[in-house]
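Trainee: File follows, my_file-v8.cif with mmCIF, C-alpha atoms and all ligand atoms:
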```cif
data_query
#
loop_
_atom_site.label_atom_id
_atom_site.label_comp_id
_atom_site.auth_asym_id
_atom_site.auth_seq_id
_atom_site.Cartn_x
_atom_site.Cartn_y
_atom_site.Cartn_z
CA MET A 1 -43.54 114.32 -39.07
CA THR A 2 -40.87 116.18 -37.06
CA LEU A 3 -41.97 119.24 -35.12
CA PHE A 4 -39.38 121.44 -33.39
CA ALA A 5 -40.37 122.32 -29.84
CA PRO A 6 -37.89 125.00 -28.71
CA PHE A 7 -36.57 124.78 -25.16
CA THR A 8 -38.50 121.57 -24.47
CA LEU A 9 -36.52 118.81 -22.75
CA PRO A 10 -36.69 115.06 -23.34
CA GLY A 11 -39.54 113.45 -21.33
CA GLU A 12 -41.61 116.64 -21.02
CA THR A 13 -45.30 116.83 -21.95
CA VAL A 14 -46.42 120.14 -23.44
CA LEU A 15 -49.56 121.74 -24.82
CA TYR A 16 -48.70 123.46 -28.11
CA SER A 17 -50.09 125.07 -31.22
CA ARG A 18 -48.39 124.62 -34.58
CA SER A 19 -46.59 127.23 -36.62
CA GLY A 20 -45.04 125.57 -39.69
CA ASP A 21 -42.54 123.00 -38.44
CA ARG A 22 -42.38 124.56 -34.96
CA ALA A 23 -44.44 123.95 -31.87
CA VAL A 24 -45.42 127.11 -30.01
CA ILE A 25 -45.52 125.99 -26.38
CA GLU A 26 -48.72 127.05 -24.59
CA GLN A 27 -48.17 125.17 -21.35
CA ARG A 28 -45.77 122.61 -19.91
CA LEU A 29 -47.89 119.84 -18.43
CA ARG A 30 -45.02 117.69 -17.16
CA GLU A 31 -41.51 119.00 -16.58
CA SER A 32 -38.26 117.10 -16.85
CA PRO A 33 -36.47 116.52 -13.52
CA ASP A 34 -33.41 117.95 -15.31
CA ARG A 35 -35.08 121.34 -15.89
CA VAL A 36 -33.43 124.19 -13.95
CA ARG A 37 -33.96 127.94 -13.75
CA PRO A 38 -31.75 129.63 -16.39
CA PRO A 39 -29.24 131.93 -14.67
CA CYS A 40 -29.31 134.61 -17.40
CA GLY A 41 -32.15 137.07 -17.96
CA LEU A 42 -31.37 137.09 -21.71
CA PHE A 43 -31.74 133.32 -22.06
CA ALA A 44 -33.97 132.24 -24.97
CA ARG A 45 -33.48 135.64 -26.70
CA CYS A 46 -29.66 135.79 -26.98
CA GLY A 47 -28.36 133.25 -29.50
CA GLY A 48 -25.33 132.35 -27.37
CA CYS A 49 -26.76 129.81 -24.91
CA ALA A 50 -29.30 127.14 -25.82
CA LEU A 51 -29.17 124.89 -22.76
CA GLN A 52 -29.30 127.02 -19.62
CA HIS A 53 -32.62 125.35 -18.70
CA LEU A 54 -30.89 121.95 -18.49
CA ALA A 55 -28.94 120.84 -15.39
CA VAL A 56 -25.16 120.89 -15.92
CA ASP A 57 -24.85 117.09 -15.40
CA ALA A 58 -27.58 116.42 -17.96
CA THR A 59 -25.87 118.83 -20.40
CA ALA A 60 -22.62 116.92 -19.97
CA SER A 61 -24.30 113.60 -20.75
CA PHE A 62 -26.10 115.14 -23.76
CA LYS A 63 -22.75 116.36 -25.13
CA ARG A 64 -21.09 113.03 -24.41
CA HIS A 65 -23.92 111.38 -26.32
CA LEU A 66 -23.24 113.64 -29.36
CA VAL A 67 -19.60 112.52 -29.45
CA GLU A 68 -20.42 108.85 -28.78
CA SER A 69 -23.06 108.82 -31.54
CA ALA A 70 -20.63 110.40 -34.01
CA LEU A 71 -18.05 107.69 -33.29
CA ARG A 72 -20.64 104.89 -33.37
CA ASP A 73 -21.94 106.17 -36.73
CA ALA A 74 -18.35 106.08 -37.96
CA GLY A 75 -18.28 102.36 -37.10
CA TYR A 76 -16.60 102.38 -33.68
CA GLU A 77 -17.42 100.66 -30.41
CA LEU A 78 -16.50 102.92 -27.50
CA PRO A 79 -13.34 101.97 -25.62
CA GLY A 80 -14.62 102.06 -22.03
CA PRO A 81 -15.41 105.18 -19.97
CA ILE A 82 -14.98 108.56 -21.62
CA ALA A 83 -13.05 111.28 -19.79
CA GLU A 84 -14.85 114.64 -19.61
CA HIS A 85 -13.99 118.24 -18.90
CA THR A 86 -16.43 121.16 -18.61
CA SER A 87 -15.27 124.79 -18.41
CA PRO A 88 -16.88 126.81 -15.60
CA PRO A 89 -19.12 129.89 -16.05
CA TYR A 90 -17.40 133.26 -16.68
CA ALA A 91 -14.42 131.51 -18.32
CA ARG A 92 -14.85 132.47 -22.01
CA ARG A 93 -11.86 134.59 -22.99
CA ARG A 94 -12.79 134.90 -26.67
CA MET A 95 -16.04 136.02 -28.26
CA ASP A 96 -17.03 137.40 -31.65
CA LEU A 97 -19.61 140.08 -30.87
CA ALA A 98 -22.02 141.73 -33.29
CA LEU A 99 -22.43 145.52 -33.27
CA ARG A 100 -25.41 147.55 -34.43
CA ARG A 101 -26.04 151.25 -34.15
CA SER A 102 -29.61 151.81 -32.96
CA ARG A 103 -31.66 154.85 -31.99
CA ASP A 104 -31.13 153.93 -28.33
CA GLY A 105 -27.36 153.47 -28.55
CA MET A 106 -24.84 150.86 -29.63
CA LEU A 107 -26.06 147.27 -29.42
CA VAL A 108 -23.18 144.93 -28.55
CA GLY A 109 -23.89 141.24 -28.20
CA LEU A 110 -24.77 138.05 -30.02
CA HIS A 111 -27.49 137.64 -32.61
CA GLN A 112 -30.91 136.45 -31.61
CA ARG A 113 -31.64 133.16 -33.38
CA GLY A 114 -32.24 134.35 -36.96
CA GLY A 115 -32.66 137.95 -35.84
CA ASP A 116 -31.25 141.21 -34.51
CA VAL A 117 -28.34 141.78 -32.13
CA VAL A 118 -29.36 141.17 -28.51
CA ASP A 119 -27.65 143.79 -26.37
CA MET A 120 -25.43 141.98 -23.86
CA THR A 121 -26.60 143.52 -20.61
CA GLU A 122 -25.48 140.41 -18.75
CA CYS A 123 -23.49 137.31 -19.64
CA HIS A 124 -22.72 134.27 -17.52
CA VAL A 125 -20.14 132.71 -19.79
CA LEU A 126 -17.92 135.67 -20.72
CA HIS A 127 -14.88 136.48 -18.56
CA PRO A 128 -15.82 139.47 -16.31
CA ARG A 129 -12.80 141.46 -17.55
CA LEU A 130 -14.18 141.29 -21.10
CA PHE A 131 -17.73 142.01 -19.98
CA ARG A 132 -16.58 145.20 -18.22
CA LEU A 133 -14.58 146.16 -21.29
CA ILE A 134 -17.68 145.91 -23.49
CA GLU A 135 -19.53 148.21 -21.10
CA ASP A 136 -16.69 150.74 -21.34
CA ALA A 137 -16.42 150.40 -25.13
CA ARG A 138 -20.08 151.21 -25.90
CA PRO A 139 -19.79 155.04 -25.86
CA VAL A 140 -16.58 154.94 -27.91
CA LEU A 141 -18.10 152.63 -30.51
CA MET A 142 -21.09 154.97 -30.67
CA ARG A 143 -18.78 157.87 -31.61
CA LEU A 144 -16.94 156.03 -34.42
CA SER A 145 -17.89 157.45 -37.81
CA ALA A 146 -16.62 154.27 -39.50
CA LEU A 147 -19.34 152.30 -37.72
CA ARG A 148 -22.35 153.48 -39.69
CA GLY A 149 -24.74 150.57 -39.30
CA THR A 150 -23.39 147.17 -38.33
CA GLY A 151 -19.99 145.81 -37.40
CA SER A 152 -18.30 143.20 -35.27
CA LEU A 153 -15.82 143.09 -32.41
CA LEU A 154 -13.66 140.04 -31.75
CA VAL A 155 -12.43 140.14 -28.14
CA ASN A 156 -9.61 137.91 -26.94
CA LEU A 157 -8.29 137.97 -23.41
CA LEU A 158 -4.54 137.52 -23.78
CA GLU A 159 -1.99 137.34 -21.01
CA THR A 160 -1.12 141.00 -21.59
CA GLY A 161 -4.79 142.10 -21.53
CA PRO A 162 -7.76 142.27 -23.89
CA ASP A 163 -6.97 142.26 -27.60
CA LEU A 164 -9.60 143.76 -29.93
CA LEU A 165 -10.31 143.26 -33.62
CA LEU A 166 -12.94 145.65 -34.90
CA SER A 167 -14.77 145.33 -38.23
CA THR A 168 -16.78 148.22 -39.61
CA ASP A 169 -18.36 149.15 -42.94
CA GLU A 170 -15.72 151.84 -43.53
CA ALA A 171 -12.05 152.14 -42.61
CA PRO A 172 -11.53 154.26 -39.48
CA GLY A 173 -10.24 157.76 -40.28
CA THR A 174 -7.81 159.85 -38.21
CA ALA A 175 -10.43 160.98 -35.67
CA ASP A 176 -11.68 157.42 -35.14
CA ARG A 177 -8.14 156.14 -34.69
CA ALA A 178 -7.45 158.83 -32.09
CA ARG A 179 -10.65 157.88 -30.20
CA LEU A 180 -9.70 154.20 -30.27
CA ALA A 181 -6.17 154.94 -29.04
CA GLU A 182 -7.50 157.07 -26.21
CA PHE A 183 -9.90 154.29 -25.22
CA ALA A 184 -7.12 151.67 -25.42
CA ARG A 185 -4.92 153.71 -23.07
CA ALA A 186 -7.71 154.33 -20.58
CA ALA A 187 -9.05 150.76 -20.59
CA GLY A 188 -5.67 148.95 -20.49
CA VAL A 189 -6.04 147.44 -23.97
CA PRO A 190 -2.57 146.85 -25.48
CA ARG A 191 -3.71 146.54 -29.11
CA ILE A 192 -6.70 147.35 -31.31
CA ALA A 193 -6.82 146.15 -34.91
CA TRP A 194 -9.32 146.76 -37.67
CA ARG A 195 -10.41 144.84 -40.74
CA PRO A 196 -13.17 145.41 -43.29
CA LEU A 197 -16.51 143.70 -42.66
CA LYS A 198 -16.34 141.73 -45.90
CA PRO A 199 -14.90 138.22 -45.43
CA GLY A 200 -11.22 137.61 -46.04
CA GLY A 201 -9.99 141.13 -45.13
CA THR A 202 -6.51 141.34 -43.59
CA PRO A 203 -6.33 143.09 -40.21
CA GLU A 204 -4.31 146.26 -39.77
CA ILE A 205 -3.17 147.58 -36.40
CA VAL A 206 -5.03 150.76 -35.42
CA CYS A 207 -3.19 151.31 -32.15
CA ALA A 208 -0.46 149.43 -30.31
CA ILE A 209 -0.12 150.84 -26.81
CA GLU A 210 1.87 148.01 -25.21
CA PRO A 211 3.49 144.83 -26.54
CA VAL A 212 1.13 141.87 -26.90
CA ARG A 213 2.15 138.48 -25.53
CA HIS A 214 0.49 135.19 -24.75
CA THR A 215 1.86 131.90 -23.43
CA LEU A 216 0.92 128.65 -25.15
CA SER A 217 2.13 125.46 -23.49
CA GLY A 218 4.94 127.34 -21.78
CA VAL A 219 6.15 129.33 -24.82
CA ALA A 220 5.50 133.06 -25.29
CA VAL A 221 3.96 134.02 -28.65
CA VAL A 222 2.70 137.22 -30.22
CA PRO A 223 -0.63 136.14 -31.75
CA PRO A 224 -1.88 138.08 -34.79
CA PRO A 225 -5.22 139.87 -34.19
CA ASP A 226 -7.24 137.26 -36.13
CA ALA A 227 -5.48 134.15 -34.79
CA PHE A 228 -7.42 131.21 -33.44
CA LEU A 229 -7.11 130.65 -29.69
CA GLN A 230 -9.00 128.10 -27.60
CA ALA A 231 -12.14 129.59 -26.00
CA THR A 232 -11.22 128.99 -22.34
CA LEU A 233 -7.96 128.53 -20.47
CA GLU A 234 -9.39 125.43 -18.75
CA GLY A 235 -10.55 123.93 -22.06
CA GLU A 236 -7.16 124.60 -23.64
CA ALA A 237 -5.39 122.81 -20.76
CA ALA A 238 -7.81 119.85 -21.03
CA ILE A 239 -7.25 119.52 -24.79
CA VAL A 240 -3.46 119.74 -24.47
CA ALA A 241 -3.49 117.14 -21.66
CA ALA A 242 -5.74 114.78 -23.64
CA VAL A 243 -3.51 115.03 -26.73
CA LEU A 244 -0.36 114.37 -24.67
CA ASP A 245 -2.02 111.43 -22.89
CA ALA A 246 -2.77 109.92 -26.29
CA MET A 247 0.88 110.11 -27.38
CA PRO A 248 3.83 107.89 -26.48
CA GLN A 249 6.09 109.33 -23.75
CA ALA A 250 8.87 109.82 -26.31
CA TRP A 251 9.07 108.91 -29.90
CA PRO A 252 11.88 106.92 -31.49
CA ARG A 253 15.11 108.74 -32.30
CA GLY A 254 14.82 110.61 -35.57
CA ALA A 255 11.03 110.14 -35.76
CA ARG A 256 8.66 113.09 -35.81
CA VAL A 257 5.03 113.94 -35.23
CA VAL A 258 3.11 115.74 -37.97
CA GLU A 259 0.60 118.23 -36.62
CA PHE A 260 -2.08 119.59 -38.95
CA PHE A 261 -3.96 122.87 -38.28
CA ALA A 262 -1.39 124.00 -35.73
CA GLY A 263 -2.54 127.64 -35.27
CA CYS A 264 -0.05 129.62 -33.15
CA GLY A 265 1.25 126.47 -31.45
CA THR A 266 -1.13 125.57 -28.59
CA LEU A 267 -0.40 121.87 -29.12
CA THR A 268 2.89 122.21 -30.99
CA PHE A 269 4.93 123.48 -28.06
CA ALA A 270 3.58 120.75 -25.78
CA LEU A 271 4.31 118.04 -28.37
CA ALA A 272 7.82 119.40 -29.01
CA ARG A 273 8.80 118.53 -25.43
CA ARG A 274 8.63 114.88 -26.45
CA GLY A 275 10.30 115.03 -29.87
CA ARG A 276 10.41 116.62 -33.32
CA VAL A 277 7.25 118.19 -34.74
CA LEU A 278 6.30 119.29 -38.25
CA ALA A 279 3.52 121.86 -37.66
CA VAL A 280 1.33 122.74 -40.65
CA GLU A 281 -0.92 125.82 -40.58
CA GLY A 282 -2.83 127.60 -43.36
CA HIS A 283 -3.20 131.09 -41.85
CA GLN A 284 -0.02 132.89 -42.82
CA ALA A 285 0.18 135.24 -39.82
CA SER A 286 -0.40 132.37 -37.35
CA ALA A 287 2.26 130.23 -39.06
CA LEU A 288 4.69 133.17 -38.81
CA CYS A 289 3.81 133.66 -35.14
CA LEU A 290 4.49 129.99 -34.44
CA ARG A 291 7.74 130.00 -36.42
CA SER A 292 9.15 133.05 -34.67
CA ALA A 293 8.34 131.61 -31.23
CA ALA A 294 9.77 128.18 -32.00
CA GLY A 295 13.47 129.16 -32.02
CA GLY A 296 15.61 126.47 -30.42
CA LEU A 297 12.76 123.94 -30.22
CA PRO A 298 12.58 120.87 -32.48
CA ILE A 299 9.76 122.39 -34.56
CA GLU A 300 9.51 122.88 -38.31
CA VAL A 301 6.63 125.08 -39.52
CA LEU A 302 4.94 124.82 -42.90
CA ASN A 303 2.43 127.45 -44.07
CA ARG A 304 0.06 125.54 -46.33
CA ASP A 305 -3.62 125.44 -47.25
CA LEU A 306 -4.39 121.80 -46.55
CA ASN A 307 -7.64 121.79 -48.49
CA ARG A 308 -5.93 122.85 -51.69
CA GLN A 309 -2.62 121.14 -51.11
CA PRO A 310 -2.88 118.28 -48.63
CA ILE A 311 0.33 116.51 -47.66
CA LEU A 312 0.25 113.23 -49.52
CA ALA A 313 0.07 109.85 -47.79
CA ALA A 314 3.42 108.84 -49.29
CA ASP A 315 5.10 111.82 -47.57
CA LEU A 316 3.52 111.01 -44.20
CA GLY A 317 4.54 107.39 -43.99
CA ARG A 318 7.60 108.01 -41.80
CA ALA A 319 5.79 110.04 -39.13
CA SER A 320 5.49 108.33 -35.76
CA ALA A 321 2.09 109.97 -35.16
CA ILE A 322 -0.29 112.50 -36.67
CA VAL A 323 -2.25 115.12 -34.71
CA LEU A 324 -5.13 117.03 -36.35
CA ASP A 325 -7.07 119.99 -34.91
CA PRO A 326 -9.13 121.17 -37.88
CA PRO A 327 -11.66 124.01 -38.12
CA TYR A 328 -15.43 123.33 -37.79
CA ALA A 329 -15.70 121.83 -41.29
CA GLY A 330 -13.26 119.03 -40.41
CA SER A 331 -10.00 117.88 -41.96
CA GLY A 332 -11.26 117.80 -45.56
CA ALA A 333 -8.85 116.60 -48.24
CA GLN A 334 -6.06 116.03 -45.70
CA MET A 335 -8.00 113.29 -43.92
CA GLN A 336 -7.97 110.93 -46.90
CA GLU A 337 -4.20 111.18 -47.06
CA VAL A 338 -3.92 110.57 -43.31
CA ALA A 339 -6.13 107.48 -43.54
CA ARG A 340 -4.07 106.14 -46.44
CA SER A 341 -0.72 106.90 -44.81
CA GLY A 342 -0.71 103.89 -42.49
CA VAL A 343 0.87 106.02 -39.70
CA GLU A 344 0.46 104.04 -36.51
CA ARG A 345 -1.19 106.68 -34.30
CA VAL A 346 -3.66 109.45 -35.23
CA VAL A 347 -5.02 111.90 -32.65
CA MET A 348 -7.98 114.03 -33.71
CA VAL A 349 -9.22 117.13 -31.93
CA SER A 350 -12.69 118.01 -33.15
CA CYS A 351 -15.15 120.82 -32.49
CA ASN A 352 -17.94 119.38 -34.62
CA PRO A 353 -19.41 115.87 -34.13
CA LYS A 354 -20.62 115.75 -37.77
CA ALA A 355 -17.10 116.39 -39.05
CA LEU A 356 -15.72 113.95 -36.46
CA ARG A 357 -18.03 111.24 -37.82
CA ARG A 358 -16.86 111.87 -41.40
CA ASP A 359 -13.17 111.96 -40.52
CA ALA A 360 -13.35 108.98 -38.13
CA GLU A 361 -15.19 106.89 -40.72
CA MET A 362 -12.17 107.17 -43.05
CA LEU A 363 -9.90 105.90 -40.28
CA HIS A 364 -12.32 103.06 -39.55
CA LYS A 365 -12.33 101.98 -43.20
CA ALA A 366 -8.52 102.10 -43.18
CA GLY A 367 -8.40 99.65 -40.25
CA TYR A 368 -7.67 102.02 -37.33
CA ALA A 369 -8.99 101.10 -33.87
CA LEU A 370 -10.32 103.69 -31.41
CA GLU A 371 -8.10 103.76 -28.32
CA ARG A 372 -9.47 106.57 -26.13
CA VAL A 373 -11.82 109.56 -26.16
CA THR A 374 -12.05 112.74 -24.07
CA VAL A 375 -15.01 115.12 -24.28
CA VAL A 376 -14.18 118.80 -23.70
CA ASP A 377 -16.95 121.36 -23.20
CA GLN A 378 -15.58 124.90 -23.57
CA PHE A 379 -18.93 126.30 -24.69
CA LEU A 380 -20.98 125.88 -21.56
CA TRP A 381 -24.77 125.98 -22.14
CA SER A 382 -24.37 125.87 -25.93
CA VAL A 383 -24.87 122.79 -28.12
CA GLN A 384 -21.22 122.86 -29.20
CA VAL A 385 -18.86 120.18 -27.97
CA GLU A 386 -15.23 119.28 -28.56
CA SER A 387 -13.46 115.98 -28.33
CA VAL A 388 -10.01 114.42 -28.51
CA ALA A 389 -9.99 110.91 -29.97
CA ALA A 390 -6.94 108.67 -30.37
CA PHE A 391 -6.82 106.00 -33.08
CA VAL A 392 -4.20 103.32 -33.58
CA ARG A 393 -3.49 101.09 -36.47
CA PRO A 394 -2.53 97.56 -35.46
CA ARG A 395 0.97 96.81 -36.70
CA VAL A 396 0.90 94.74 -39.85
CA ARG A 397 3.22 91.76 -39.34
CA ARG A 398 5.20 91.09 -42.42
CA HIS A 399 6.18 87.48 -42.99
CA VAL A 400 9.52 87.45 -44.69
CA LYS A 401 10.60 84.13 -46.06
CA HIS A 402 14.27 83.33 -45.51
CA ARG A 403 15.70 81.03 -48.09
C1 LIG B 1 -9.39 124.73 -34.44
S1 LIG B 1 -8.04 125.74 -34.91
C2 LIG B 1 -6.75 124.89 -34.05
C3 LIG B 1 -5.48 125.68 -33.86
C4 LIG B 1 -4.52 125.13 -32.82
N1 LIG B 1 -4.34 123.72 -32.91
C5 LIG B 1 -4.94 125.54 -31.42
O1 LIG B 1 -5.30 124.68 -30.62
O2 LIG B 1 -4.88 126.74 -31.10
C6 LIG B 1 -7.86 125.32 -36.57
C7 LIG B 1 -6.69 125.94 -37.29
O3 LIG B 1 -6.73 125.48 -38.65
C8 LIG B 1 -6.32 126.51 -39.50
N2 LIG B 1 -6.89 126.22 -40.83
C9 LIG B 1 -8.16 126.41 -41.24
N3 LIG B 1 -8.31 126.00 -42.51
C10 LIG B 1 -7.09 125.54 -42.92
C11 LIG B 1 -6.61 124.98 -44.13
N4 LIG B 1 -7.39 124.82 -45.20
N5 LIG B 1 -5.30 124.60 -44.20
C12 LIG B 1 -4.50 124.75 -43.12
N6 LIG B 1 -4.90 125.29 -41.95
C13 LIG B 1 -6.18 125.68 -41.84
C14 LIG B 1 -6.86 127.78 -38.84
O4 LIG B 1 -6.13 128.92 -39.27
C15 LIG B 1 -6.67 127.47 -37.37
O5 LIG B 1 -5.44 127.93 -36.91
#
```
Before anything else, please render the file you have as structure tokens.
Mentor:
Amino acid sequence: MTLFAPFTLPGETVLYSRSGDRAVIEQRLRESPDRVRPPCGLFARCGGCALQHLAVDATASFKRHLVESALRDAGYELPGPIAEHTSPPYARRRMDLALRRSRDGMLVGLHQRGGDVVDMTECHVLHPRLFRLIEDARPVLMRLSALRGTGSLLVNLLETGPDLLLSTDEAPGTADRARLAEFARAAGVPRIAWRPLKPGGTPEIVCAIEPVRHTLSGVAVVPPPDAFLQATLEGEAAIVAAVLDAMPQAWPRGARVVEFFAGCGTLTFALARRGRVLAVEGHQASALCLRSAAGGLPIEVLNRDLNRQPILAADLGRASAIVLDPPYAGSGAQMQEVARSGVERVVMVSCNPKALRRDAEMLHKAGYALERVTVVDQFLWSVQVESVAAFVRPRVRRHVKHR
């Protein structure tokens, strides 16, 4: 029988009582040598960090193990040492925060595991600029009539300053908009957008004080308020470097790389320095952002939902390489077409080892070999891990008989 013993580390001996499938720890009789004092006073209540009690080196090997196991389960032997990158504390420049009006004020933070919002009175992963901003935003959020009960606030630290996307039960009226604009001016926030709490709502700009700009691989873009951006600057650089390392220095004349799940162009602009890129992205505003920034570069952008309408293997055959950076669920229907395409080189960026296993297994069955792997940890102290894995398909020698 499996019993979950929260915050217990491998090798520890504990005295516990049982509550369903969970062990309630009464006493730790023997501690792991990897146990450390968690830096944050909210640890074990806030749902953001799960591993602050584990030494950073041990966390890195745990995360490496998750990626290695996923690839082994997909059928691969590991190709030698795995490169690793871990983002430092206070580096997170993007966080989706929960909001809840309470009798004591506005709670802003992450959800407790399966529970209420834990007010973020300290945070050791979030960028200090964003942490200060949350402190300043509390009284303003409290005064918003549109925020009756619960809401959310997506904060992104762009090059031009913090970018906010607020979701509330009701649309902000004139008075709320004026309050938000006043706050934006005072706090140096160039743009605040709003969208309804229900999933799928399109953001609308509530106030635009200054132009918004962000640089991705050397190219300035204007990301839409709900665009995906990598969680840390360091992690983004590590992912871009790992993808470039996995690609040939230049691809043959006339050849092009097909990039799936391109977002606003984090990888696209870096790839385009080596040759032509077809970048495919499903989120319309992100695809538009990428297209308008790509002027003069050898980039073609396609706005397409790859789950509903994958690009077929037959149309991929002439690509010199394929790069995929899918959402958490993995590459879905597109992966089958990639595996069947026979394209010589496939580079996969993954933020979910389970999805990596599924996607990599298709490449394994199609005869691809694993060439190199990099583990990237942008979510320090969480159980999330990202990886960049490069697969190559041995060239099939065709024997042509000459008569
Ligand atoms: C992990 S992000 C990667 C974005 C980009 N490569 C980057 O590094 O910033 C995944 C991207 O896939 C896009 N996406 C999600 N589902 C999609 C689908 N069904 N079809 C096409 N794109 C999709 C998202 O909009 C998002 O931009």
Trainee: Which one is closest to Tyr76 (chain A): A:Val376, A:Leu164, A:Ala58, A:Ala360? Count all atoms listed in the file.
Mentor: A:Ala360
Trainee: Can you tell me which residues sit at most 7 Å away from ligand LIG 1 (chain B), counting all atoms listed in the file, written as number ranges by chain?
Mentor: A: 227-230, 261-267, 280-283, 286, 304-308, 325-327
Trainee: Padding of 3 Å on every side, edges along x, y and z, all listed atoms of region 158-177 of chain A included: what centre and edge lengths in Å, to one decimal, does that box have, as lines of an AutoDock Vina configuration file?
Mentor:
```
center_x = -9.7
center_y = 149.2
center_z = -32.3
size_x = 23.2
size_y = 29.6
size_z = 28.5
```
Trainee: What does the distance from CA of Glu361 (chain A) to CA of Leu78 (chain A) come to in Å, to one decimal?
Mentor: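 Going from CA of Glu361 (chain A) over to CA of Leu78 (chain A) covers 13.9 Å.
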Trainee: Please measure the separation of CA of Leu51 (chain A) and CA of Ala237 (chain A), giving the value in Å to one decimal.
Mentor: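 These two atoms are separated by 24.0 Å.
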Trainee: Using only C-alpha atoms, which of A:Phe260, A:Phe183, A:Trp194, A:Tyr90 sits nearest Ser152 (chain A)?
Mentor: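 Residue with the minimum atom-to-atom distance to Ser152 (chain A): A:Trp194.
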Trainee: Which protein, DNA or RNA residues are at most 8 Å from (-8.2, 148.8, -33.4) in the file's coordinates when you count only C-alpha atoms, listed as a list in words?
Mentor: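 Within the cut-off we find Leu164, Leu165, Leu166, Arg177, Leu180, Ala181, Arg191, Ile192, Ala193, Trp194, Glu204, Ile205, Val206 and Cys207 of chain A.
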Trainee: Within 10 Å of (-23.5, 138.5, -20.5) (coordinates as in the file), grab all the protein and nucleic acid residues, counting all atoms listed in the file, and write them out as a short mmCIF file (atom, residue, chain, number, x, y, z; two decimals) with C-alpha atoms, in the frame of the given file.
Mentor:
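Output (selection_2.cif):
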```
data_model
loop_
_atom_site.label_atom_id
_atom_site.label_comp_id
_atom_site.auth_asym_id
_atom_site.auth_seq_id
_atom_site.Cartn_x
_atom_site.Cartn_y
_atom_site.Cartn_z
CA CYS A 40 -29.31 134.61 -17.40
CA GLY A 41 -32.15 137.07 -17.96
CA LEU A 42 -31.37 137.09 -21.71
CA PHE A 43 -31.74 133.32 -22.06
CA CYS A 46 -29.66 135.79 -26.98
CA GLY A 48 -25.33 132.35 -27.37
CA TYR A 90 -17.40 133.26 -16.68
CA GLY A 109 -23.89 141.24 -28.20
CA LEU A 110 -24.77 138.05 -30.02
CA ASP A 119 -27.65 143.79 -26.37
CA MET A 120 -25.43 141.98 -23.86
CA THR A 121 -26.60 143.52 -20.61
CA GLU A 122 -25.48 140.41 -18.75
CA CYS A 123 -23.49 137.31 -19.64
CA HIS A 124 -22.72 134.27 -17.52
CA VAL A 125 -20.14 132.71 -19.79
CA LEU A 126 -17.92 135.67 -20.72
CA HIS A 127 -14.88 136.48 -18.56
CA PRO A 128 -15.82 139.47 -16.31
CA LEU A 130 -14.18 141.29 -21.10
CA PHE A 131 -17.73 142.01 -19.98
CA ARG A 132 -16.58 145.20 -18.22
CA ILE A 134 -17.68 145.91 -23.49
#
```
Trainee: Write out as a VMD selection string the residues lying within 9 Å of Asp21 (chain A), counting all atoms listed in the file and excluding same-chain residues fewer than 4 positions away.
Mentor: chain A and resid 1 to 5
Trainee: Go ahead and save the picked residues with C-alpha atoms, as a compact mmCIF listing (two decimals), in the frame of the given file.
Mentor:
```txt
# COMPACT_ATOMS: atom_id res chain seq x y z
CA MET A 1 -43.54 114.32 -39.07
CA THR A 2 -40.87 116.18 -37.06
CA LEU A 3 -41.97 119.24 -35.12
CA PHE A 4 -39.38 121.44 -33.39
CA ALA A 5 -40.37 122.32 -29.84
```
Trainee: Applying 6 Å and all atoms listed in the file, which residues near region 387-391 of chain A remain after dropping the ones on its own chain fewer than 2 positions away? List them as a PyMOL selection string.
Mentor: chain A and resi 246+345-350+368-376
Trainee: Find the spatial neighbours of Asn352 (chain A), counting all atoms listed in the file, within a cut-off of 7 Å - ignore same-chain residues fewer than 2 positions away - and output them as a PyMOL selection string.
Mentor: chain A and resi 328+350+354-356+385-386
Trainee: Go through A:His364, A:Arg213, A:Arg179, A:Arg195 one by one, measure the shortest atom-to-atom distance of each to Leu158 (chain A) using only C-alpha atoms, and give the residue with the smallest value.
Mentor: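 Counting only C-alpha atoms, the residue closest to Leu158 (chain A) is A:Arg213.
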Trainee: Here is a test: counting all atoms listed in the file, which residue of A:Ala333, A:Val338, A:Ala146, A:Ala220 is nearest to Leu316 (chain A)?
Mentor: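 Of A:Ala333, A:Val338, A:Ala146, A:Ala220, the one nearest Leu316 (chain A) is A:Val338, counting all atoms listed in the file.
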Trainee: What is the distance, in Å and to one decimal place, between CA of Ala74 (chain A) and CA of Gln249 (chain A)?
Mentor: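 Taking CA of Ala74 (chain A) as the start and CA of Gln249 (chain A) as the end point, the length is 28.5 Å.
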